[in-house]
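Written out below as structure tokens is the structure these notes cover.
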Amino acid sequence: MGELIDKIKGNVNEAIGKAKQQSNDPETRSEGAAQEGKGKAQQLGGKIKGALGDDI
């Protein structure tokens, strides 16, 4: 179950990050890039949990 939750959180963070990168404010664009990276990391964590059976 943790796998699915991590993947969903990752998708949400990635989408929000991409939206923030469309801003005219350089600080918001920077936050968006960081948030997109966080989302990708969460998705990777979900894939790893799925491969290991949520035992990590």
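We name chains A, B, ... following the order of the structure tokens; residues begin at 1 in each chain, and ligands are numbered from 1 as shown.
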Spatial neighbours of segment 43-53 of chain A, 12 Å, only C-alpha atoms, chain gap at least 5 places, as a ChimeraX atom specification: /A:1-14,36-38
Generate a file of the selected residues that holds C-alpha atoms, formatted as a short mmCIF file (atom, residue, chain, number, x, y, z; two decimals), in the first residue's frame.
data_model
loop_
_atom_site.label_atom_id
_atom_site.label_comp_id
_atom_site.auth_asym_id
_atom_site.auth_seq_id
_atom_site.Cartn_x
_atom_site.Cartn_y
_atom_site.Cartn_z
CA MET A 1 0.00 0.00 0.00
CA GLY A 2 2.89 2.35 0.72
CA GLU A 3 4.02 1.96 -2.86
CA LEU A 4 0.80 3.40 -4.25
CA ILE A 5 0.75 6.29 -1.76
CA ASP A 6 4.34 7.25 -2.59
CA LYS A 7 3.62 7.15 -6.30
CA ILE A 8 0.51 9.33 -5.89
CA LYS A 9 2.36 11.85 -3.71
CA GLY A 10 5.16 11.89 -6.25
CA ASN A 11 2.78 12.56 -9.12
CA VAL A 12 1.11 15.40 -7.20
CA ASN A 13 4.41 17.03 -6.25
CA GLU A 14 5.72 16.70 -9.79
CA GLU A 36 9.32 18.43 -9.21
CA GLY A 37 12.57 16.75 -8.17
CA LYS A 38 11.01 15.75 -4.86
#
Skip segment 15-25 of chain A itself and residues of its chain fewer than 5 positions away, then list as a list of chain:residue names all residues within 8 Å of it, counting only C-alpha atoms. A:Ser30, A:Glu31, A:Gly32, A:Ala33, A:Ala34, A:Gln35, A:Glu36
